[in-house]
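Student: Sharing a structure below in C-alpha cells format, with a few things to ask.
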Number of protein chains: 2
Amino acid sequence: MILERFKPATGDIVQVPEPLLRQTVTALFEKVGLPPEDAAEGADVLVSTDLRGVESHGVSNMLRTYLQQYRQGILNPKPQWRIVREFPGTATIDGDRGLGMIQGPRAMRLAMEKAKQVGVGIVTIFNSGHLGAVGHHSMVAARGDMVGMCMTATGAQVVPTYASEPRFGTNPISIAAPARNEAPVYFDVATSAIAGNKVRLAARVGAPLLPGWVADKEGNPILEETPASERGQFWHLPLGGTREQGSHKGYGFALMAEIMSSMLAGALPAMLDAQAGYKHYFAAYNIAAFVDLDWFKDTMDRMLHTLRTTKPAAGHERVLYPGLSEYEDEQERRAHGIPLHREVIEWFAGITKELGVPPLTTK
Amino acid sequence: MILERFKPATGDIVQVPEPLLRQTVTALFEKVGLPPEDAAEGADVLVSTDLRGVESHGVSNMLRTYLQQYRQGILNPKPQWRIVREFPGTATIDGDRGLGMIQGPRAMRLAMEKAKQVGVGIVTIFNSGHLGAVGHHSMVAARGDMVGMCMTATGAQVVPTYASEPRFGTNPISIAAPARNEAPVYFDVATSAIAGNKVRLAARVGAPLLPGWVADKEGNPILEETPASERGQFWHLPLGGTREQGSHKGYGFALMAEIMSSMLAGALPAMLDAQAGYKHYFAAYNIAAFVDLDWFKDTMDRMLHTLRTTKPAAGHERVLYPGLSEYEDEQERRAHGIPLHREVIEWFAGITKELGVPPLTTK
C-alpha cells in the first residue's frame, strides 16, 4: 500500500530473481561472521520484506547499515541470547547485541511455544539491534495458526504533540493473522506520520514529503510540501500530524510501543539513554485457545472478502486491506524478480567485491 | 486532553459533587434490576470516567442509553457470564447480554489472576453491551501493578481508506501503566479520526467537526468544517483522515481491534452481522514477571517527568502525556465537583422522578 511517490522511476529499476538475491545476502552475512543458520534467517527476513513490496525495510535501505554495524563491532555476529526472567507465558531476553531482525523470528517462535502451553506468549528483548520490518515477525505467528503482534522501540526522532524536542522512535506496531484462502492480514506501521526508512527512501527517489509528516527542529509542524533530501533537518511528527488531526493518538501509540518494548524488557527508553539501542516486543495468540480455528479462518475469509469487495469511493479503483497488496506483490515478485534501484545494484557490486563474495547476478 | 471545542459554555454548567452523582447513578441502575454490587460497579465506571474529564463516555452521553437498553430488554440486568473456552493464560466469555462497562473490570481482574500465574492474561467477551471508556478497564490492571490493555469492537460506522461504505466501529484501543509518583499512563483513543461519542457531544455543545474527521455518505472525506448536529449524515474516517495523512494506519488499527475483540471472542464482526453486539478484549501484563517492579515504576517516573517537562513548541503552554490531564481533572473534580451540562441535570430530574429514585442533589 506504498504511495506512488516512493516508487523509483522505471528506467532506474533492475529486476533481481529472489533466489539469487537471497544467495548473495546470505553470503554477505556469512562473510561478516554470522553462522550459516543466522545468515540464512537474516536473508530470509530481508528478501521476504522486499517480496512483500516493503522496500523501506528490504535490502535497499537496511543491508548496508547492518553490514556496517557488524564490521564496526556494534552488532555481535555470534550472540548468545540469555533469558533473564521467565514465566510460563512470558520471557525477557538479553539479546547480547545480536541483530534484532535475525532474533525476531526466534523470539516469536518462543512466544508461540508458550502460547501452545498457556494460550498466549509474550517475549521481550533488550540489548539488541534493529528489528527490520516488524510485520515479518508477526507473520511468523500467523503462518503457525496464531495471531502475531510485534512492536519495537527505536532512537528518539518523533516530537510528542506540542513538543519541541524528539522523545520517541518511530516505534512501529504490527499484527498478522491467518485466513483460509484470502491473503493473510499483514499490518505494519510506524506510529509516526511517516516511517523513518520512508524518509531515506523518499530522499533516494527524490520524492517530497507531504504536509503534516514532519516538524522543523523547533517542533513546529511543517504544513507544506518539503524536500526529503536532508535528514537531520527536521523531526518526525506522530501519526495524525497535528493535534486537531489526532497527533495525540499517534503520540500515545508511540508511548504504548515504548512501554511494551522498552519498559517490559527492562531497558531505558531512548529519551533517557540515547545509547540504549533497540528493544522489541513479540506476542503470539494461540487462536485455538480462544475459538475454533476453522471458524476463525473461514470468518477471516468472509471479513477480508467483504473489505476488498467494498464499493470504492469516487476516484478510487478498489479497497485494499493491510496485507492484500503485500500478498499480490509477493506473487508478482516471485515470478518476475525483485525490483532494485540501479544505485542499489551498484552498491552490491562494490560490497561483494570488497568482501570477496561472488557478485549479485540477475539471471 | 479534550479539545476546547467540546467544552460546554460556562453558564450552562452545574457542578455536582462526585459522591452524590455516584449515589444517584447507583440507585438508577438498581431500579432497572441490577444487583447492588453491579449497580455500584457501573456507577464507579461512569463517575470515574467523568472525574477523569472524559465527558464523552461519562454519565452525560451514556447513562440514558444504558437505562433505556435495560428497560427495553436489550441488556440483561442479571447476566450469568460463562467461560466457553479457557487456558491458563486465556479465557473466552459469553457475556449473556450484560452491560460491557460493568463486566469490564471483572474481566480485567480475571486477566490479572491469570497474569499472576503465567505472566500475562488475555480475556475476550462476546454477547455483551457497550464497554464504556476502554481506558477505565486498562486502569484496573494499572492499579494492581500490571500493564493493562483493552479494546472493543462496535457497530460499523467507519469507512476504510478509499471505501464508500462503513465496515468498522470506532474500535477504541487503550493502555494503562503505573508509575510511582507521576500520574499513571492512561491512553484511550478511538481508531477513527474522532470518537463516536464526541460527535454526539459536539452536537450538544454546538461545536463543528474539523476537516478530515468525517466522510460524506459516499465515503468522500469532508475537508472543510461541518456542523455536528445531524448524526447519520456522514460516516467516520479512520485516524489520519486521508490516505496521505495516514488513514490506512487508522484503518489497520481498527482492524486490529476487530481481530482481537471480535475474532478472538468467536463473534462475527459488525460488517458481517449488524446485530452481533459489542465484543471486548482485555490484557493484563504482570510487570514483575518481566522486570523488577520498583525499577519499572521509577523509570516510568523518569520517562513521564521527561515528557511533561519537555520544552513546548512555539505557541503551546506545555507538553502533556496520556493520563496527565485526566489525573489533574480528577483532583480538581474530586475537590469541586463534576461539571454537568444543564440539559443533563434536567434529564436527571426527569428520570429520577420517572423511576422513583431520590432526585440528584448538588450539595
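Going through the C-alpha cells in order, the chains are called A, B, and so on, while each chain numbers its residues from 1 and the ligands are numbered from 1 in the order shown.
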Once you count only C-alpha atoms, which residues of chain B turn out to be within 6 Å of chain A? Could you give them as a PyMOL selection string?
Tutor: chain B and resi 87-90+92+118-119+162-164+219+240+264+266+290-291+311-313+319
Student: Find the residues around Ile74 (chain A) up to 12 Å (only C-alpha atoms counted), leave out those fewer than 5 positions away in its own chain, and share them as a compact mmCIF listing (two decimals) with N, CA and C atoms, in the first residue's frame.
Tutor:
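Saved as around-v4.txt:
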# COMPACT_ATOMS: atom_id res chain seq x y z
N THR A 65 23.54 -0.85 6.24
CA THR A 65 23.67 -0.46 7.65
C THR A 65 24.02 -1.66 8.51
N TYR A 66 23.35 -2.76 8.28
CA TYR A 66 23.60 -3.95 9.10
C TYR A 66 25.05 -4.42 8.93
N LEU A 67 25.49 -4.49 7.69
CA LEU A 67 26.86 -4.97 7.44
C LEU A 67 27.88 -4.05 8.09
N GLN A 68 27.61 -2.76 7.98
CA GLN A 68 28.49 -1.77 8.59
C GLN A 68 28.55 -1.98 10.11
N GLN A 69 27.39 -2.19 10.71
CA GLN A 69 27.35 -2.35 12.17
C GLN A 69 28.05 -3.63 12.62
N PRO A 79 25.79 -13.80 18.76
CA PRO A 79 25.22 -13.51 20.09
C PRO A 79 24.74 -14.78 20.79
N ASP A 96 22.24 -9.78 23.72
CA ASP A 96 23.70 -9.89 23.54
C ASP A 96 24.16 -9.18 22.26
N ARG A 97 23.58 -8.04 21.95
CA ARG A 97 23.94 -7.22 20.78
C ARG A 97 23.79 -7.94 19.44
N GLY A 98 22.88 -8.89 19.39
CA GLY A 98 22.59 -9.52 18.10
C GLY A 98 21.70 -8.61 17.25
N LEU A 99 21.61 -8.90 15.95
CA LEU A 99 20.72 -8.13 15.08
C LEU A 99 19.27 -8.55 15.34
N ASN A 127 18.95 -4.99 24.56
CA ASN A 127 20.35 -5.16 24.15
C ASN A 127 20.43 -5.84 22.78
N SER A 128 19.67 -5.31 21.84
CA SER A 128 19.54 -5.93 20.53
C SER A 128 19.64 -4.86 19.45
N GLY A 129 19.78 -5.29 18.21
CA GLY A 129 19.88 -4.36 17.09
C GLY A 129 18.53 -4.13 16.41
N HIS A 130 18.58 -3.49 15.26
CA HIS A 130 17.38 -3.11 14.51
C HIS A 130 16.54 -4.35 14.16
N GLN A 275 21.91 5.74 24.02
CA GLN A 275 22.71 4.58 23.63
C GLN A 275 22.01 3.26 23.96
N GLY A 277 19.90 1.47 22.53
CA GLY A 277 19.69 0.51 21.46
C GLY A 277 18.21 0.18 21.26
Student: From the set B:Pro208, B:Pro339, B:Gly196, B:Gly144, which residue has the shortest atom-to-atom contact distance to His236 (chain B), counting only C-alpha atoms?
Tutor: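 That would be B:Gly196, the residue with the smallest distance to His236 (chain B).
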Student: Residues near Gly337 (chain B), anyone? I mean within 10 Å using only C-alpha atoms, not counting same-chain ones fewer than 2 positions away, as an MDAnalysis selection string.
Tutor: chainID B and resid 14:21 50:51 330:335 339:340 362:363
